[in-house]
Each structure stands twice: as structure tokens, then as C-alpha cells.
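Below you'll find the structure, written out as C-alpha cells, and then a few comments.
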Amino acid sequence: MIDKQKKATAYWKENVRYLFILLFIWFAVSYGAGILFKDALDTIKIGGFKLGFWFAQQGSIYVFVILIFVYVRLMNKLDKKYGYDE
Amino acid sequence: MTVQTWTYILVGITFALYIGIAIWSRAGSTKEFYVAGGGVSPLANGMATAADWMSAASFISMAGIIAFAGYDGSVYLMGWTGGYVLLALLLAPYLRKFGKFTVPDFIGDRYYSNTARIVAVICALLVSFTYVAGQMRGVGLVFSRFLEVDINTGVIIGMIIVLFYAVLGGMKGITYTQVAQYCILIFAFMVPAIFISIQMTGNPIPQIGMGSTLNDGSGTFLLDKLDGLSTELGFNEYTDGSKSMTDIFAITLALMVGTAGLPHVIVRFFTVKRVKDARKSAGWALLLIAILYTTAPAVAVFARTNMINTVSNQPYADMPKWFSTWEKTELIAFDDKNGDGKIQYVADAKLNELTVDREIMVLANPEIANLPAWVIALVAAGSLAAALSTAAGLLLVISSSISHDLIKKVLKPDISEKGELWAARGAATVAVVIAGYFGIDPPGFVAAVVALAFGLAAASFFPAIVLGIFYKKMNKEGAIAGMVVGIVLMLFYMLKFKFGIFDGGKEAVAGLAKDWWFGISPEGFGTVAMIVNFIVAIVVMQFTPPPPQNVQDIVEDIRIPSGAGEATGH
């Protein structure tokens with residue numbers, strides 16, 4: 001019983017750590033690159049895109065999609081590691 | 001063949017398809033009615049979620065809004081997609097593990113209180129009704145333009161179709177109809193976008209075409225050209241917007257958090273088999289949504305540039321046919337103020353002679369770009385798919401809130417399964433009629449409130465659910481106080497600054513902008529109300545008894561993905 005509890009706590013801790021890292025990236029690409037530092041990034045141009053504008057209208061969305069699939073992968077591995085896989 | 005014939009054919013085929021699916025997948029039990037039996041595959045659920053989520057607003061209005069707002073339109077793009085990251089990481093897996101039918105179910109059980117359940121039901125109804133009314137209006141608009149029937153007839157046709165498959169099939173019918181609707185709407189959105197991208201830049205991928213050079217041999221980048229045209233006419237630079245950074249920040253956050261708190265999206269994650277499927281289907285949903293959401297800003301740029309090029313400083317007599325077609329709907333209007341017979345389209349309201357409703361950009365785009373008739377008809381079928389799929393999802397939330405959370409869980413716990421199923425169908429029917437009434441005779445507030453449904457969801461549900469999962473000690477007193485204060489504050493701010501209730505009505509609204517708290521618009525205020533909800537909940541919790549041990553055990557349990565079992569109502 002105690003072991004089971006310990007395992008659950010350890011699993012939850014690792015899960016929350018992943019969340020912090022992924023949500024930090026989520027914040028950085030949208031609120032960071034797309035809004036707070038938009039003007040600075042706009043001085044850089046890639047093709048016809050000003051970089052800040054690109055992050056706000058395109059880039060952040062691509063990153064969001066990747067983030068969720070990375071999360072799915074990380075969690076599937078974590079489930080296996082702790083035997084919660086089914 | 002004419003546009004109209006094509007429209008009748010395509011709309012007819014798609015409607016027959018929806019009805020066929022409804023008959024094939026009608027629900028026999030409450031479990032099938034509420035969660036489609038619980039065995040939907042992650043990809044199918046992702047498609048259904050995407051169609052459920054992308055409404056008339058996403059399909060018809062969003063690109064148009066962005067076309068006129070430029071960089072400011074980014075709030076919708078980031079806000080309505082970024083919410084899925086929150087949904088996937090913070091809510092979906094745990095709610096699936098919890099394994100009940102509805103969002104008020106979770107709130108009621110987690111906070112061991114029927115008061116909390118009822119507060120959640122009220123919030124769910126408030127959010128869903130405001131949102132569904134806008135969808136029915138969208139259906140009416142599309143019908144009136146493309147089938148040339150009046151708006152009311154259009155709304156009634158839409159009502160009958162939705163009634164048929166939502167009432168008969170419940171979540172099961174809706175899920176598979178939405179899968180079909182996703183395919184139709186995404187195809188209908190992409191075809192004209194790809195056509196126009198090739199026309200303007202030679203690049204078949206609109207997302208890249210948007211940042212490419214123009215086809216006219218000048219070597220100018222499309223976006224630079226548009227920035228130039230905009231400033232020339234006195235507008236803001238397209239890539240640079242006019243809203244304050246605080247407001248952009250607040251609106252984006254309110255839309256993200258609101259997306260994650262919308263009950264009709266959350267319930268979709270109850271329909272998959274395992275916790276890992278819930279995570280995966282959130283990924284599929286966002287990927288499928290992103291196809292449209294990354295194309296929309298490209299469509300916006302193409303449409304805006306095309307429109308300025310077509311009308312600006314051109315003789316009215318030379319306008320192409322689409323101009324007069326849309327003039328009939330009064331969504332575009334020309335007023336020759338200086339009497340020179342040419343259209344002056346400029347930022348200065350005194351000199352400007354052209355008013356264009358932002359709603360028409362997507363619908364008129366294929367005509368503006370001179371695309372074939374079947375493409376125009378396809379867009380009509382796609383926009384109907386978008387509006388109907390969202391309306392059906394919302395109706396299901398309304399009907400399950402009433403039959404499951406109110407009747408079964410509070411008023412009449414001994415109701416039989418059969419009785420509950422009939423109550424659900426009855427509630428869905430009543431809800432369709434009310435939604436149809438709002439569509440036919442929209443009270444002035446409908447359009448304005450649709451955008452605010454997100455603020456309401458952000459202010460009420462999101463904190464209660466997140467705290468319920470991540471903060472074991474959160475108790476019922478804290479959660480209820482937080483939800484009530486959050487939603488009341490949001491309603492107050494809406495009434496004050498969006499409707500001017502306390503300051504002399506709608507005419508006064510524009511003048512009130514200077515009094516916005518922290519310079520935040522009503523659309524962005526959900527962020528503030530959400531933060532207040534969190535604070536109130538945590539403070540109240542300090543002075544009230546902790547939740548009972550068995551509830552704390554439930555929280556421990558939902559954090560572990562295995563053993564999810566099936567969603568049940570008991």
C-alpha cells in the first residue's frame with residue numbers, strides 16, 4: 001500500500017515537471033514572441049514575414065501542435081515506466 | 001451551371017449525408033446519448049472535436065475580422081488554438097479518468113455538493129445558449145445569400161436538420177455527423193484558399209504564399225505590399241495593429257482559458273476509451289484545427305489585398321458582379337460623398353465612401369477572385385457544416401445539463417434510464433426551438449455576447465476544474481465562491497462596458513472605453529475575472545473545513561491514468 005502511494009506520488013511529480021516545461025514553451029512562443037517581444041522580433045525578416053508577426057499568426061500555432069504530441073509521447077513513456085500503461 | 005444550382009446540389013447532398021448518419025447511429029441508451037457509448041477512436045474524436053469547435057465564427061467570420069484588424073486579429077488565432085494546449089495538458093486526461101458524462105457532473109462530485117452542481121449547470125446553460133444563438137443566425141445568413149430564401153426560412157431548415165440528428169442520435173449521432181462535417185468544412189475552406197494563393201503568389205500552400213512575393217513580376221512581398229496599401233489609405237500598418245499590448249495579452253489569455261473551459265469541447269473527451277486516447281485526441285483535434293487556423297490569416301491577407309485593389313479609387317460603374325450581388329444583402333454599401341463616381345475607400349470616416357461588413361470576406365472571397373461556381377457553392381456547404389456541427393454540440397450540452405445534472409442528479413434521482421433518455425430528447429427539442437427563436441429574432445445582444453461566451457467560461461469553469469485536479473485541499477466553499485464571484489464580475493463588466501446598461505445604453509459604449517479597468521476591453525476581461533476566481537477560491541478555502549477524505553482519494557485517483565474503466569452516470 002505504502003509502495004503504491006510512493007509510486008503514485010513520484011509519477012505525479014514527474015508529470016507536473018513536464019507540465020511546467022511544456023507550458024513555459026507555450027507561454028514563450030505566444031505571449032513572449034507573439035506579443036511582448038513582437039516589436040523587437042519584427043526587425044528580423046524571414047522571406048516576407050516579420051518574425052514577431054509570424055509567431056503571432058502562424059508560428060505559435062505550429063508550436064502548440066508539436067507541444068501536444070510531445071506531451072503525448074512523454075506521458076506514454078511515463079505511464080510505461082510506472083506500470084500505469086494499459 | 002449557376003452558383004445556385006450548384007449550391008442546391010452540394011447542400012442537398014451534405015444534408016442527406018447528415019440525416020443518413022443520424023438514422024444509422026441513433027442512440028439506444030443514455031450512455032450512447034451522452035458519450036456516444038464511450039468507444040470513439042482518438043482520430044475520429046479529434047475530427048469531431050475540430051468540427052464541434054470550429055463554428056460559423058471560425059469559418060465565416062474569423063478571416064474577415066483578421067483581414068480588417070491585421071496584427072490585432074492574432075488574438076483569435078493564438079487564443080483559439082493555444083487553449084488546446086491547456087486542455088490537453090491540464091484537463092482532458094483527468095476528466096476522462098474521472099469518467100462521468102458532463103462538466104457539472106465533475107464539479108458536483110469533486111466538490112461533493114449539489115449547490116456546486118447547480119452553479120455549474122447555470123454557467124453551462126449561460127455559455128451554451130449565448131453561443132448557439134449566434135450559430136443559428138449564421139445558418140440563416142448563409143441560406144439567405146446562397147439559396148435566396150429569407151433568413152427565417154433558412155433558420156427553420158437548419159433547426160429541423162439539427163433537431164433530427166441531435167435528438168435522435170445524441171452524442172453518438174453528433175460524433176459521426178461531425179466527422180463528416182469536418183471533412184466537408186476543411187475541404188471547403190482549403191480549396192478557394194489554394195486557388196487564390198496560386199493566383200496571387202504562384203505558391204499552392206497558402207501558409208507560405210502569405211509570405212511570398214507577388215505574381216505580378218514586381219518582386220514585392222505580399223505582406224509589404226499590403227502594409228503599403230494600408231498606410232497609403234490611412235489605416236494602421238497591417239502587420240502592426242492598434243490595440244494596446246495589455247489588451248492583446250488579456251484577450252488572448254481569455255480566449256485560451258475560455259476555450260479550455262467550454263463545456264461542449266470538454267465533454268468530447270469523455271467519449272474515448274482510455275486516458276491516453278484523451279491526450280492523443282486533443283492532439284489530433286488541434287492538428288486538424290490548425291489546418292484551418294493557419295490558413296485563415298493567409299485568406300485574410302489575400303482577401304484584403306484583392307479587395308483594396310478591386311475597389312480603391314475605381315469607378316463605381318466598373319465594379320464586378322459580386323459587388324452588386326452583395327449590395328443586395330446590404331452587407332456592402334457605397335455612398336458617393338464627393339459625387340465623382342469613383343469609390344474612395346479610406347480610413348477617415350468623413351471621406352470614406354465604402355462600408356464593408358467584415359462577415360462577407362470569406363463568403364465573397366471566391367467571387368472576388370473569380371473562382372468557378374462550384375467552389376462558391378462548396379463554401380456555402382462548408383459554412384453550413386461549421387455552423388450546424390457547433391450548434392449540435394452545444395444543444396447536447398444544454399440537454400444533458402438539464403436531463404442528467406438537473407433532473408437525474410438533483411430533482412428526480414429515481415428516474416428510469418428510459419425516462420432520462422426521453423427527458424434528454426425533450427430538453428434538446430426545447431433548446432433547438434429557443435435557439436431557433438434567437439436566430440430568427442436575435443435580441444440585439446446576441447452578436448455581442450458570442451465573443452463573451454469565452455469570458456464567461458474562463459471566469460467560471462476553468463479555475464474550478466484546474467483547482468479540483470491540481471489542488472487536493474480545495475473545498476466546496478472555495479470553489480462555489482470562486483465560480484459565483486467570477487461569473488458575476490464578468491457579467492457586470494459585460495453589462496457595463498459592452499451594453500452600457502448603467503451609463504445610458506448602447507450609444508454610450510464607445511465613450512466608456514477610457515474607463516476600462518487596467519485598459520482591458522470586455523473581450524479580455526475574462527482574464528481578470530478568472531484571476532479573481534482563483535484568488536477568492538483560495539482565500540475562502542483557508543477559512544473553511546477541508547474536503548472529506550474520500551474526495552481527496554478521488555483526486556489522487558484521477559491523477560493516475562490506468563483503470564479508467566468506462567464513463568458511467570452513477
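Ligands are numbered from 1 in the order shown, residues from 1 within each chain, and chains are lettered A, B, ... in the order they appear in the C-alpha cells.
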Point to revise | Residue list for chain B near chain A as JSON, numbers by chain, 7 Å, only C-alpha atoms | key: {"B": [71, 74, 77, 78, 81, 82, 85, 88, 89, 211, 212, 221, 223, 239, 245, 249, 279, 280, 283, 286, 287, 290, 294, 297, 559, 561, 562]}
Exercise for review: Pick out the residues sitting within 9 Å of Ile487 (chain B), and hand them over as a ChimeraX atom specification; count only C-alpha atoms, and ignore anything fewer than 4 positions along from it in its own chain.
Suggested key: /B:123,455-460,482-483,491-492,526,529-530,533
Leaving out region 168-181 of chain B and any residue of its chain fewer than 3 positions from it, which residues lie within 7 Å of it when counting only C-alpha atoms, given as an mmCIF file with N, CA, C and O atoms, in the first residue's frame?
data_model
loop_
_atom_site.group_PDB
_atom_site.id
_atom_site.type_symbol
_atom_site.label_atom_id
_atom_site.label_comp_id
_atom_site.auth_asym_id
_atom_site.auth_seq_id
_atom_site.Cartn_x
_atom_site.Cartn_y
_atom_site.Cartn_z
ATOM 1 N N TYR B 18 -25.922 13.850 -43.542
ATOM 2 C CA TYR B 18 -26.086 14.022 -42.089
ATOM 3 C C TYR B 18 -27.288 13.221 -41.591
ATOM 4 O O TYR B 18 -27.233 12.584 -40.540
ATOM 5 N N ILE B 21 -26.523 9.488 -41.547
ATOM 6 C CA ILE B 21 -25.698 9.108 -40.398
ATOM 7 C C ILE B 21 -26.546 9.069 -39.130
ATOM 8 O O ILE B 21 -26.414 8.172 -38.295
ATOM 9 N N ALA B 22 -27.451 10.031 -39.000
ATOM 10 C CA ALA B 22 -28.293 10.094 -37.802
ATOM 11 C C ALA B 22 -29.124 8.833 -37.655
ATOM 12 O O ALA B 22 -29.267 8.278 -36.565
ATOM 13 N N SER B 25 -26.936 5.821 -36.699
ATOM 14 C CA SER B 25 -26.269 5.826 -35.390
ATOM 15 C C SER B 25 -27.174 6.298 -34.261
ATOM 16 O O SER B 25 -26.723 6.887 -33.309
ATOM 17 N N ARG B 26 -28.482 5.999 -34.357
ATOM 18 C CA ARG B 26 -29.337 6.537 -33.295
ATOM 19 C C ARG B 26 -29.041 5.867 -31.952
ATOM 20 O O ARG B 26 -28.652 4.701 -31.876
ATOM 21 N N ALA B 27 -29.217 6.674 -30.888
ATOM 22 C CA ALA B 27 -28.822 6.224 -29.558
ATOM 23 C C ALA B 27 -29.909 5.406 -28.902
ATOM 24 O O ALA B 27 -31.076 5.745 -28.963
ATOM 25 N N GLU B 32 -25.077 6.024 -24.698
ATOM 26 C CA GLU B 32 -24.849 6.371 -26.105
ATOM 27 C C GLU B 32 -25.249 7.811 -26.374
ATOM 28 O O GLU B 32 -24.613 8.524 -27.145
ATOM 29 N N PHE B 33 -26.316 8.234 -25.691
ATOM 30 C CA PHE B 33 -26.794 9.601 -25.920
ATOM 31 C C PHE B 33 -25.792 10.633 -25.405
ATOM 32 O O PHE B 33 -25.516 11.620 -26.062
ATOM 33 N N TYR B 34 -25.220 10.384 -24.196
ATOM 34 C CA TYR B 34 -24.332 11.391 -23.596
ATOM 35 C C TYR B 34 -22.891 11.292 -24.078
ATOM 36 O O TYR B 34 -22.235 12.305 -24.290
ATOM 37 N N VAL B 35 -22.349 10.088 -24.181
ATOM 38 C CA VAL B 35 -20.925 9.963 -24.525
ATOM 39 C C VAL B 35 -20.678 9.006 -25.695
ATOM 40 O O VAL B 35 -19.597 8.444 -25.828
ATOM 41 N N ALA B 36 -21.672 8.840 -26.554
ATOM 42 C CA ALA B 36 -21.515 8.034 -27.763
ATOM 43 C C ALA B 36 -21.105 6.602 -27.470
ATOM 44 O O ALA B 36 -20.466 5.957 -28.284
ATOM 45 N N ALA B 44 -11.098 9.852 -34.824
ATOM 46 C CA ALA B 44 -12.486 10.263 -35.072
ATOM 47 C C ALA B 44 -12.906 11.318 -34.052
ATOM 48 O O ALA B 44 -13.554 12.312 -34.387
ATOM 49 N N MET B 47 -11.429 14.621 -35.035
ATOM 50 C CA MET B 47 -12.181 15.259 -36.128
ATOM 51 C C MET B 47 -13.488 15.853 -35.616
ATOM 52 O O MET B 47 -13.861 16.979 -35.949
ATOM 53 N N ALA B 48 -14.187 15.073 -34.777
ATOM 54 C CA ALA B 48 -15.449 15.559 -34.241
ATOM 55 C C ALA B 48 -15.227 16.792 -33.373
ATOM 56 O O ALA B 48 -15.970 17.773 -33.455
ATOM 57 N N ALA B 51 -14.633 19.818 -35.610
ATOM 58 C CA ALA B 51 -15.856 20.347 -36.223
ATOM 59 C C ALA B 51 -16.747 21.001 -35.178
ATOM 60 O O ALA B 51 -17.310 22.079 -35.386
ATOM 61 N N ASP B 52 -16.831 20.357 -34.024
ATOM 62 C CA ASP B 52 -17.595 20.872 -32.900
ATOM 63 C C ASP B 52 -17.100 22.274 -32.563
ATOM 64 O O ASP B 52 -17.869 23.211 -32.363
ATOM 65 N N PHE B 164 -33.180 16.808 -35.965
ATOM 66 C CA PHE B 164 -33.241 15.428 -36.386
ATOM 67 C C PHE B 164 -32.047 14.638 -35.864
ATOM 68 O O PHE B 164 -32.192 13.627 -35.197
ATOM 69 N N TYR B 165 -30.831 15.136 -36.131
ATOM 70 C CA TYR B 165 -29.728 14.258 -35.744
ATOM 71 C C TYR B 165 -29.270 14.412 -34.304
ATOM 72 O O TYR B 165 -28.736 13.468 -33.726
ATOM 73 N N ILE B 184 -16.033 18.041 -44.789
ATOM 74 C CA ILE B 184 -16.649 18.986 -45.717
ATOM 75 C C ILE B 184 -16.150 20.408 -45.468
ATOM 76 O O ILE B 184 -15.762 21.123 -46.382
ATOM 77 N N LEU B 185 -16.110 20.794 -44.188
ATOM 78 C CA LEU B 185 -15.751 22.200 -43.944
ATOM 79 C C LEU B 185 -14.289 22.484 -44.259
ATOM 80 O O LEU B 185 -13.951 23.541 -44.783
ATOM 81 N N ALA B 385 -21.916 23.384 -42.642
ATOM 82 C CA ALA B 385 -21.364 22.294 -41.826
ATOM 83 C C ALA B 385 -20.767 22.846 -40.540
ATOM 84 O O ALA B 385 -20.965 22.302 -39.450
ATOM 85 N N ALA B 386 -20.029 23.953 -40.656
ATOM 86 C CA ALA B 386 -19.383 24.542 -39.476
ATOM 87 C C ALA B 386 -20.416 25.006 -38.461
ATOM 88 O O ALA B 386 -20.309 24.725 -37.265
ATOM 89 N N SER B 389 -22.537 21.871 -36.968
ATOM 90 C CA SER B 389 -21.832 20.962 -36.061
ATOM 91 C C SER B 389 -21.680 21.591 -34.683
ATOM 92 O O SER B 389 -21.842 20.927 -33.661
ATOM 93 N N ALA B 392 -25.077 21.680 -32.864
ATOM 94 C CA ALA B 392 -25.458 20.377 -32.321
ATOM 95 C C ALA B 392 -24.700 20.055 -31.037
ATOM 96 O O ALA B 392 -25.282 19.577 -30.063
ATOM 97 N N LEU B 396 -26.399 19.546 -27.255
ATOM 98 C CA LEU B 396 -26.228 18.364 -26.422
ATOM 99 C C LEU B 396 -25.824 18.750 -25.005
ATOM 100 O O LEU B 396 -26.275 18.154 -24.034
#
**Study point:** All strand (DSSP E) positions in region 32-79 of chain A, as JSON, numbers by chain
**Key:** {"A": [45, 46, 49, 50]}
Check your understanding: Quick one: residues within 7 Å of Leu354 (chain B), only C-alpha atoms counted, chain neighbours fewer than 2 positions away excluded, as a list in words?
Key ->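 My list of contacting residues is Ala333, Phe334, Asp335, Ile343, Gln344, Tyr345, Asn352 and Val356 of chain B.
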Write the residues of the preceding selection, restricted to N, CA and C atoms, as an mmCIF file, in the first residue's frame.
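Result file part-v8.cif:
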data_model
loop_
_atom_site.group_PDB
_atom_site.id
_atom_site.type_symbol
_atom_site.label_atom_id
_atom_site.label_comp_id
_atom_site.auth_asym_id
_atom_site.auth_seq_id
_atom_site.Cartn_x
_atom_site.Cartn_y
_atom_site.Cartn_z
ATOM 1 N N ALA B 333 -21.826 48.571 -48.970
ATOM 2 C CA ALA B 333 -22.588 49.753 -49.373
ATOM 3 C C ALA B 333 -21.658 50.864 -49.842
ATOM 4 N N PHE B 334 -22.082 51.537 -50.909
ATOM 5 C CA PHE B 334 -21.278 52.622 -51.480
ATOM 6 C C PHE B 334 -22.079 53.918 -51.419
ATOM 7 N N ASP B 335 -21.450 54.959 -50.898
ATOM 8 C CA ASP B 335 -22.136 56.237 -50.761
ATOM 9 C C ASP B 335 -21.222 57.291 -51.377
ATOM 10 N N ILE B 343 -14.924 55.081 -56.210
ATOM 11 C CA ILE B 343 -15.023 54.627 -54.826
ATOM 12 C C ILE B 343 -13.794 55.068 -54.043
ATOM 13 N N GLN B 344 -14.019 55.940 -53.046
ATOM 14 C CA GLN B 344 -12.920 56.283 -52.150
ATOM 15 C C GLN B 344 -13.031 55.417 -50.908
ATOM 16 N N TYR B 345 -12.059 54.513 -50.745
ATOM 17 C CA TYR B 345 -12.057 53.653 -49.577
ATOM 18 C C TYR B 345 -10.856 54.037 -48.734
ATOM 19 N N ASN B 352 -14.538 58.502 -46.304
ATOM 20 C CA ASN B 352 -14.733 57.134 -46.758
ATOM 21 C C ASN B 352 -16.112 56.941 -47.386
ATOM 22 N N VAL B 356 -17.960 47.977 -45.708
ATOM 23 C CA VAL B 356 -17.956 46.548 -45.997
ATOM 24 C C VAL B 356 -18.130 45.811 -44.681
#
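Near Ala133 (chain B), within a cut-off of 6 Å and counting only C-alpha atoms, sit the residues Ala435, Phe438 and Gly439 of chain B, with same-chain residues fewer than 4 positions away left out.
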Review point. Ala423 (chain B): which residues within 10 Å, counting only C-alpha atoms, same-chain residues fewer than 5 positions away excluded, as a list in words?
Key: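 The contact residues come out as Ser399, Ser400, Ile402, Ser403, His404, Ile407, Lys408, Ile415, Glu417, Lys418, Ala428 and Thr429 of chain B.
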Residues of the last selection are to be written out with N, CA, C and O atoms, as a PDB file, in the first residue's frame.
ATOM      1  N   SER B 399     -28.997  19.952 -23.351  1.00  0.00           N
ATOM      2  CA  SER B 399     -29.943  18.903 -22.995  1.00  0.00           C
ATOM      3  C   SER B 399     -29.393  18.006 -21.895  1.00  0.00           C
ATOM      4  O   SER B 399     -30.117  17.605 -20.990  1.00  0.00           O
ATOM      5  N   SER B 400     -28.072  17.701 -21.909  1.00  0.00           N
ATOM      6  CA  SER B 400     -27.576  16.832 -20.842  1.00  0.00           C
ATOM      7  C   SER B 400     -27.486  17.575 -19.514  1.00  0.00           C
ATOM      8  O   SER B 400     -27.654  16.976 -18.455  1.00  0.00           O
ATOM      9  N   ILE B 402     -29.647  19.598 -18.459  1.00  0.00           N
ATOM     10  CA  ILE B 402     -30.997  19.580 -17.887  1.00  0.00           C
ATOM     11  C   ILE B 402     -31.404  18.163 -17.498  1.00  0.00           C
ATOM     12  O   ILE B 402     -31.789  17.909 -16.362  1.00  0.00           O
ATOM     13  N   SER B 403     -31.267  17.192 -18.443  1.00  0.00           N
ATOM     14  CA  SER B 403     -31.787  15.865 -18.136  1.00  0.00           C
ATOM     15  C   SER B 403     -30.903  15.129 -17.131  1.00  0.00           C
ATOM     16  O   SER B 403     -31.394  14.472 -16.229  1.00  0.00           O
ATOM     17  N   HIS B 404     -29.585  15.239 -17.278  1.00  0.00           N
ATOM     18  CA  HIS B 404     -28.701  14.461 -16.409  1.00  0.00           C
ATOM     19  C   HIS B 404     -28.405  15.183 -15.096  1.00  0.00           C
ATOM     20  O   HIS B 404     -28.604  14.643 -14.018  1.00  0.00           O
ATOM     21  N   ILE B 407     -32.268  17.017 -13.658  1.00  0.00           N
ATOM     22  CA  ILE B 407     -33.374  16.102 -13.347  1.00  0.00           C
ATOM     23  C   ILE B 407     -32.869  14.855 -12.622  1.00  0.00           C
ATOM     24  O   ILE B 407     -33.322  14.525 -11.528  1.00  0.00           O
ATOM     25  N   LYS B 408     -31.874  14.181 -13.224  1.00  0.00           N
ATOM     26  CA  LYS B 408     -31.416  12.909 -12.660  1.00  0.00           C
ATOM     27  C   LYS B 408     -30.675  13.110 -11.329  1.00  0.00           C
ATOM     28  O   LYS B 408     -30.856  12.359 -10.391  1.00  0.00           O
ATOM     29  N   ILE B 415     -35.400   8.467 -11.448  1.00  0.00           N
ATOM     30  CA  ILE B 415     -35.892   8.382 -12.830  1.00  0.00           C
ATOM     31  C   ILE B 415     -35.269   7.176 -13.535  1.00  0.00           C
ATOM     32  O   ILE B 415     -34.099   6.834 -13.308  1.00  0.00           O
ATOM     33  N   GLU B 417     -33.813   4.849 -16.715  1.00  0.00           N
ATOM     34  CA  GLU B 417     -32.907   5.189 -17.827  1.00  0.00           C
ATOM     35  C   GLU B 417     -33.694   5.659 -19.037  1.00  0.00           C
ATOM     36  O   GLU B 417     -33.324   6.593 -19.731  1.00  0.00           O
ATOM     37  N   LYS B 418     -34.816   4.960 -19.263  1.00  0.00           N
ATOM     38  CA  LYS B 418     -35.646   5.304 -20.401  1.00  0.00           C
ATOM     39  C   LYS B 418     -36.230   6.709 -20.240  1.00  0.00           C
ATOM     40  O   LYS B 418     -36.250   7.504 -21.172  1.00  0.00           O
ATOM     41  N   ALA B 428     -33.506  18.667 -25.560  1.00  0.00           N
ATOM     42  CA  ALA B 428     -32.851  19.058 -26.809  1.00  0.00           C
ATOM     43  C   ALA B 428     -33.848  19.739 -27.745  1.00  0.00           C
ATOM     44  O   ALA B 428     -33.517  20.737 -28.402  1.00  0.00           O
ATOM     45  N   THR B 429     -35.068  19.205 -27.793  1.00  0.00           N
ATOM     46  CA  THR B 429     -36.083  19.811 -28.657  1.00  0.00           C
ATOM     47  C   THR B 429     -36.395  21.234 -28.237  1.00  0.00           C
ATOM     48  O   THR B 429     -36.412  22.156 -29.058  1.00  0.00           O
TER      49      THR B 429
END
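Considering the residues B:Pro372, B:Gly419, B:Gly12, B:Gly234 and counting only C-alpha atoms, Thr30 (chain B) has its shortest atom-to-atom contact with B:Gly419.
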**Study point:** Residue contacts of Ile122 (chain B) (12 Å, only C-alpha atoms) excluding same-chain residues fewer than 4 positions away, as a PyMOL selection string
**Key:** chain B and resi 103-104+115-118+126-129+263+397-398+401-402+405-406+456-457+460-461+483-484+487-488
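Of note, CA of Gly99 (chain B) and CA of Lys80 (chain A) are spaced 21.6 Å apart.
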